Amino acid sequence: MVPVTLHTDRLVLSIPTEADIDAITAACQDPEVPRWTTVPSPYTRKNAVEFIELVTEWWADGVETVWAIRKGGVLAGMIGLHRITEHPHGGEAEIGFWGVARFRGQGVMGEAARAVIDFAFGELGLARVSWRAVVGNIPSARTARALGFRYEGMLRQGLASARGRDDGWVASLLASDDRTPVEWPVL
């Protein structure tokens, strides 16, 4: 698959490049990023270089699509569709994201995620997008809930994080869903 650039009113989502290495490295020094994701800790410049190489391979193989989120030309986070699979009645993928500290609370992640979800359903023809997060990651859960994801339950010791295996929340969004936010029992 050829990398695609997505645009919203305030953001540009495009494949991360070598020009992003230092910004990615700096962003991943924030303890909140490895706390809730699989990002290595400590995070080094070499990790960022390897990440950029992996993203390029994932796009080429069509198994994952990862975008750097940019606001005003500055790295605001990362977002991607992971484990993209095809099925006879429409495929599925898992959305994942992390944000740069200074851009949190500005609606950036929700705006980026809407663009990625539209791409997943419209361009890739997926039928389902799932979301998972380590239990306790309230900001991520709020974003998923606001996007219309439906809470499905918990995974006991089912998600890897910087701490090891953790319980995880699971939710999904179907192409046919109206995306109206719903209440979740976990928040």
# chains A, B, ... in the order shown; residues from 1 in each chain; ligands from 1

call {"tool": "select_by_dssp", "arguments": {"residues": "chain A", "states": "strand (DSSP E or B)", "output": "PyMOL selection string"}}
result
chain A and resi 6-7+11-14+65-71+74-85+92-99+128-134+150-161+164-174

call {"tool": "select_by_dssp", "arguments": {"residues": "range 14-104 of chain A", "states": "helix (DSSP H, G or I)", "output": "MDAnalysis selection string"}}
result
chainID A and resid 18:27 32:36 45:61 101:103

call {"tool": "closest_residue", "arguments": {"among": "A:Trp98, A:Leu124, A:Phe149, A:Arg179", "to": "Pro34 in chain A", "atoms": "only C-alpha atoms"}}
result
A:Trp98

call {"tool": "closest_residue", "arguments": {"among": "A:Met154, A:Ala101, A:Ala27, A:Ala175", "to": "Glu123 in chain A", "atoms": "only C-alpha atoms"}}
result
A:Ala175

call {"tool": "closest_residue", "arguments": {"among": "A:Ala112, A:Ala23, A:Val135, A:Ile117", "to": "Glu94 in chain A", "atoms": "only C-alpha atoms"}}
result
A:Ile117

call {"tool": "closest_residue", "arguments": {"among": "A:Ile95, A:Ala48, A:Val100, A:Val134", "to": "Phe119 in chain A", "atoms": "only C-alpha atoms"}}
result
A:Ile95

call {"tool": "residues_around", "arguments": {"residues": "Met78 in chain A", "least_positions_apart": "4", "cutoff": "10 Å", "atoms": "only C-alpha atoms", "output": "ChimeraX atom specification"}}
result
/A:13-16,24,66-70,96-100,109,112

call {"tool": "write_last_selection", "arguments": {"atoms": "all heavy atoms", "output": "compact mmCIF listing (two decimals), in the first residue's frame"}}
result
# COMPACT_ATOMS: atom_id res chain seq x y z
N LEU A 13 -2.01 14.51 8.60
CA LEU A 13 -1.56 13.19 9.03
C LEU A 13 -0.80 12.58 7.86
O LEU A 13 -1.36 12.41 6.78
CB LEU A 13 -2.75 12.29 9.39
CG LEU A 13 -3.45 12.54 10.71
CD1 LEU A 13 -4.15 13.88 10.75
CD2 LEU A 13 -4.44 11.43 10.99
N SER A 14 0.47 12.29 8.08
CA SER A 14 1.29 11.70 7.02
C SER A 14 2.30 10.74 7.64
O SER A 14 2.56 10.78 8.84
CB SER A 14 1.98 12.79 6.20
OG SER A 14 2.82 13.57 7.02
N ILE A 15 2.86 9.91 6.79
CA ILE A 15 3.83 8.93 7.27
C ILE A 15 4.99 9.65 7.97
O ILE A 15 5.47 10.68 7.48
CB ILE A 15 4.31 8.04 6.10
CG1 ILE A 15 5.15 6.87 6.63
CG2 ILE A 15 5.06 8.84 5.07
CD1 ILE A 15 5.47 5.81 5.57
N PRO A 16 5.40 9.16 9.13
CA PRO A 16 6.55 9.78 9.78
C PRO A 16 7.82 9.54 8.95
O PRO A 16 7.98 8.48 8.34
CB PRO A 16 6.62 9.10 11.15
CG PRO A 16 5.81 7.87 11.03
CD PRO A 16 4.83 8.06 9.91
N ILE A 24 10.01 12.73 17.66
CA ILE A 24 9.47 11.48 18.21
C ILE A 24 10.25 11.09 19.46
O ILE A 24 9.67 10.74 20.49
CB ILE A 24 9.51 10.35 17.16
CG1 ILE A 24 8.52 10.64 16.03
CG2 ILE A 24 9.20 8.99 17.81
CD1 ILE A 24 8.69 9.73 14.82
N VAL A 66 0.45 3.89 9.75
CA VAL A 66 0.78 4.78 10.86
C VAL A 66 1.04 6.18 10.31
O VAL A 66 1.76 6.33 9.32
CB VAL A 66 2.00 4.27 11.65
CG1 VAL A 66 2.41 5.25 12.73
CG2 VAL A 66 1.71 2.90 12.24
N TRP A 67 0.44 7.14 10.97
CA TRP A 67 0.61 8.53 10.58
C TRP A 67 1.20 9.34 11.73
O TRP A 67 0.86 9.13 12.89
CB TRP A 67 -0.74 9.17 10.27
CG TRP A 67 -1.44 8.67 9.06
CD1 TRP A 67 -1.34 9.17 7.78
CD2 TRP A 67 -2.41 7.62 8.98
NE1 TRP A 67 -2.17 8.48 6.94
CE2 TRP A 67 -2.84 7.51 7.65
CE3 TRP A 67 -2.95 6.73 9.92
CZ2 TRP A 67 -3.79 6.58 7.23
CZ3 TRP A 67 -3.89 5.80 9.51
CH2 TRP A 67 -4.29 5.73 8.18
N ALA A 68 2.05 10.30 11.37
CA ALA A 68 2.45 11.35 12.30
C ALA A 68 1.36 12.40 12.23
O ALA A 68 0.92 12.78 11.14
CB ALA A 68 3.79 11.95 11.89
N ILE A 69 0.88 12.84 13.38
CA ILE A 69 -0.13 13.90 13.45
C ILE A 69 0.63 15.21 13.59
O ILE A 69 1.44 15.36 14.51
CB ILE A 69 -1.05 13.70 14.66
CG1 ILE A 69 -1.72 12.33 14.63
CG2 ILE A 69 -2.08 14.83 14.73
CD1 ILE A 69 -2.36 11.94 15.96
N ARG A 70 0.36 16.14 12.68
CA ARG A 70 1.04 17.43 12.73
C ARG A 70 0.02 18.56 12.83
O ARG A 70 -0.95 18.59 12.08
CB ARG A 70 1.91 17.61 11.50
CG ARG A 70 3.05 16.61 11.44
CD ARG A 70 3.95 16.84 10.23
NE ARG A 70 5.00 15.86 10.20
CZ ARG A 70 4.89 14.64 9.68
NH1 ARG A 70 3.77 14.26 9.15
NH2 ARG A 70 5.91 13.81 9.71
N GLY A 96 -4.80 2.78 17.28
CA GLY A 96 -3.95 3.10 18.42
C GLY A 96 -3.38 4.49 18.25
O GLY A 96 -3.18 4.95 17.12
N PHE A 97 -3.11 5.16 19.36
CA PHE A 97 -2.61 6.53 19.26
C PHE A 97 -1.92 6.95 20.54
O PHE A 97 -2.14 6.39 21.60
CB PHE A 97 -3.74 7.51 18.94
CG PHE A 97 -5.02 7.30 19.72
CD1 PHE A 97 -5.15 7.76 21.03
CD2 PHE A 97 -6.09 6.64 19.15
CE1 PHE A 97 -6.33 7.59 21.74
CE2 PHE A 97 -7.27 6.46 19.85
CZ PHE A 97 -7.39 6.93 21.15
N TRP A 98 -1.06 7.94 20.42
CA TRP A 98 -0.49 8.64 21.58
C TRP A 98 -0.26 10.10 21.18
O TRP A 98 -0.05 10.40 20.01
CB TRP A 98 0.79 8.00 22.12
CG TRP A 98 1.95 7.85 21.18
CD1 TRP A 98 2.31 6.72 20.49
CD2 TRP A 98 2.93 8.84 20.84
NE1 TRP A 98 3.43 6.95 19.74
CE2 TRP A 98 3.84 8.24 19.94
CE3 TRP A 98 3.13 10.16 21.20
CZ2 TRP A 98 4.93 8.92 19.40
CZ3 TRP A 98 4.22 10.85 20.67
CH2 TRP A 98 5.10 10.22 19.78
N GLY A 99 -0.33 10.98 22.16
CA GLY A 99 -0.21 12.40 21.88
C GLY A 99 0.96 13.04 22.59
O GLY A 99 1.36 12.63 23.68
N VAL A 100 1.50 14.06 21.96
CA VAL A 100 2.55 14.88 22.55
C VAL A 100 1.90 15.72 23.66
O VAL A 100 0.82 16.29 23.48
CB VAL A 100 3.20 15.78 21.48
CG1 VAL A 100 4.20 16.75 22.10
CG2 VAL A 100 3.89 14.92 20.42
N MET A 109 -6.46 14.55 19.15
CA MET A 109 -6.54 13.11 18.93
C MET A 109 -7.90 12.71 18.37
O MET A 109 -7.98 11.87 17.48
CB MET A 109 -6.23 12.35 20.22
CG MET A 109 -5.80 10.94 19.97
SD MET A 109 -4.40 10.78 18.81
CE MET A 109 -3.08 11.53 19.74
N ALA A 112 -7.94 13.70 14.68
CA ALA A 112 -7.10 12.79 13.89
C ALA A 112 -7.77 11.43 13.77
O ALA A 112 -7.79 10.82 12.68
CB ALA A 112 -5.72 12.66 14.54

call {"tool": "residues_around", "arguments": {"residues": "Gly62 in chain A", "least_positions_apart": "2", "cutoff": "10 Å", "atoms": "only C-alpha atoms", "output": "PyMOL selection string"}}
result
chain A and resi 1-3+56-60+64-65+82-85

call {"tool": "write_last_selection", "arguments": {"atoms": "N, CA, C and O atoms", "output": "PDB file, in the first residue's frame"}}
result
ATOM      1  N   MET A   1       0.848  -1.167   0.000  1.00  0.00           N
ATOM      2  CA  MET A   1       0.000   0.000   0.000  1.00  0.00           C
ATOM      3  C   MET A   1       0.899   1.238   0.000  1.00  0.00           C
ATOM      4  O   MET A   1       1.915   1.291   0.691  1.00  0.00           O
ATOM      5  N   VAL A   2       0.482   2.219  -0.724  1.00  0.00           N
ATOM      6  CA  VAL A   2       1.211   3.482  -0.790  1.00  0.00           C
ATOM      7  C   VAL A   2       0.737   4.379   0.352  1.00  0.00           C
ATOM      8  O   VAL A   2      -0.464   4.506   0.578  1.00  0.00           O
ATOM      9  N   PRO A   3       1.656   5.007   1.102  1.00  0.00           N
ATOM     10  CA  PRO A   3       1.242   5.892   2.189  1.00  0.00           C
ATOM     11  C   PRO A   3       0.317   7.003   1.697  1.00  0.00           C
ATOM     12  O   PRO A   3       0.524   7.580   0.632  1.00  0.00           O
ATOM     13  N   THR A  56       7.498   2.319   7.437  1.00  0.00           N
ATOM     14  CA  THR A  56       7.629   2.234   5.982  1.00  0.00           C
ATOM     15  C   THR A  56       7.342   0.809   5.507  1.00  0.00           C
ATOM     16  O   THR A  56       6.617   0.605   4.519  1.00  0.00           O
ATOM     17  N   GLU A  57       7.873  -0.188   6.218  1.00  0.00           N
ATOM     18  CA  GLU A  57       7.622  -1.598   5.870  1.00  0.00           C
ATOM     19  C   GLU A  57       6.149  -1.952   6.050  1.00  0.00           C
ATOM     20  O   GLU A  57       5.566  -2.652   5.219  1.00  0.00           O
ATOM     21  N   TRP A  58       5.543  -1.488   7.160  1.00  0.00           N
ATOM     22  CA  TRP A  58       4.137  -1.799   7.420  1.00  0.00           C
ATOM     23  C   TRP A  58       3.228  -1.257   6.315  1.00  0.00           C
ATOM     24  O   TRP A  58       2.323  -1.944   5.867  1.00  0.00           O
ATOM     25  N   TRP A  59       3.472  -0.011   5.909  1.00  0.00           N
ATOM     26  CA  TRP A  59       2.674   0.555   4.820  1.00  0.00           C
ATOM     27  C   TRP A  59       2.849  -0.291   3.560  1.00  0.00           C
ATOM     28  O   TRP A  59       1.870  -0.619   2.888  1.00  0.00           O
ATOM     29  N   ALA A  60       4.093  -0.622   3.224  1.00  0.00           N
ATOM     30  CA  ALA A  60       4.354  -1.399   2.012  1.00  0.00           C
ATOM     31  C   ALA A  60       3.659  -2.760   2.049  1.00  0.00           C
ATOM     32  O   ALA A  60       3.129  -3.226   1.037  1.00  0.00           O
ATOM     33  N   GLU A  64      -0.234  -2.425   8.487  1.00  0.00           N
ATOM     34  CA  GLU A  64      -0.456  -1.333   9.419  1.00  0.00           C
ATOM     35  C   GLU A  64      -0.292  -0.023   8.663  1.00  0.00           C
ATOM     36  O   GLU A  64       0.503   0.078   7.735  1.00  0.00           O
ATOM     37  N   THR A  65      -1.054   0.976   9.086  1.00  0.00           N
ATOM     38  CA  THR A  65      -0.922   2.327   8.533  1.00  0.00           C
ATOM     39  C   THR A  65      -0.695   3.257   9.717  1.00  0.00           C
ATOM     40  O   THR A  65      -1.535   3.345  10.602  1.00  0.00           O
ATOM     41  N   HIS A  82      -3.730  -0.827  13.191  1.00  0.00           N
ATOM     42  CA  HIS A  82      -2.826  -1.949  13.412  1.00  0.00           C
ATOM     43  C   HIS A  82      -3.541  -3.270  13.138  1.00  0.00           C
ATOM     44  O   HIS A  82      -4.753  -3.373  13.269  1.00  0.00           O
ATOM     45  N   ARG A  83      -2.755  -4.271  12.768  1.00  0.00           N
ATOM     46  CA  ARG A  83      -3.269  -5.616  12.484  1.00  0.00           C
ATOM     47  C   ARG A  83      -4.450  -5.566  11.516  1.00  0.00           C
ATOM     48  O   ARG A  83      -5.522  -6.124  11.772  1.00  0.00           O
ATOM     49  N   ILE A  84      -4.250  -4.901  10.392  1.00  0.00           N
ATOM     50  CA  ILE A  84      -5.286  -4.816   9.373  1.00  0.00           C
ATOM     51  C   ILE A  84      -5.466  -6.207   8.763  1.00  0.00           C
ATOM     52  O   ILE A  84      -4.505  -6.825   8.318  1.00  0.00           O
ATOM     53  N   THR A  85      -6.705  -6.689   8.785  1.00  0.00           N
ATOM     54  CA  THR A  85      -7.002  -7.998   8.200  1.00  0.00           C
ATOM     55  C   THR A  85      -8.193  -7.866   7.268  1.00  0.00           C
ATOM     56  O   THR A  85      -9.050  -6.997   7.445  1.00  0.00           O
TER      57      THR A  85
END

call {"tool": "closest_residue", "arguments": {"among": "A:Val182, A:Ala19, A:Ala133, A:Leu126", "to": "Leu147 in chain A", "atoms": "only C-alpha atoms"}}
result
A:Val182
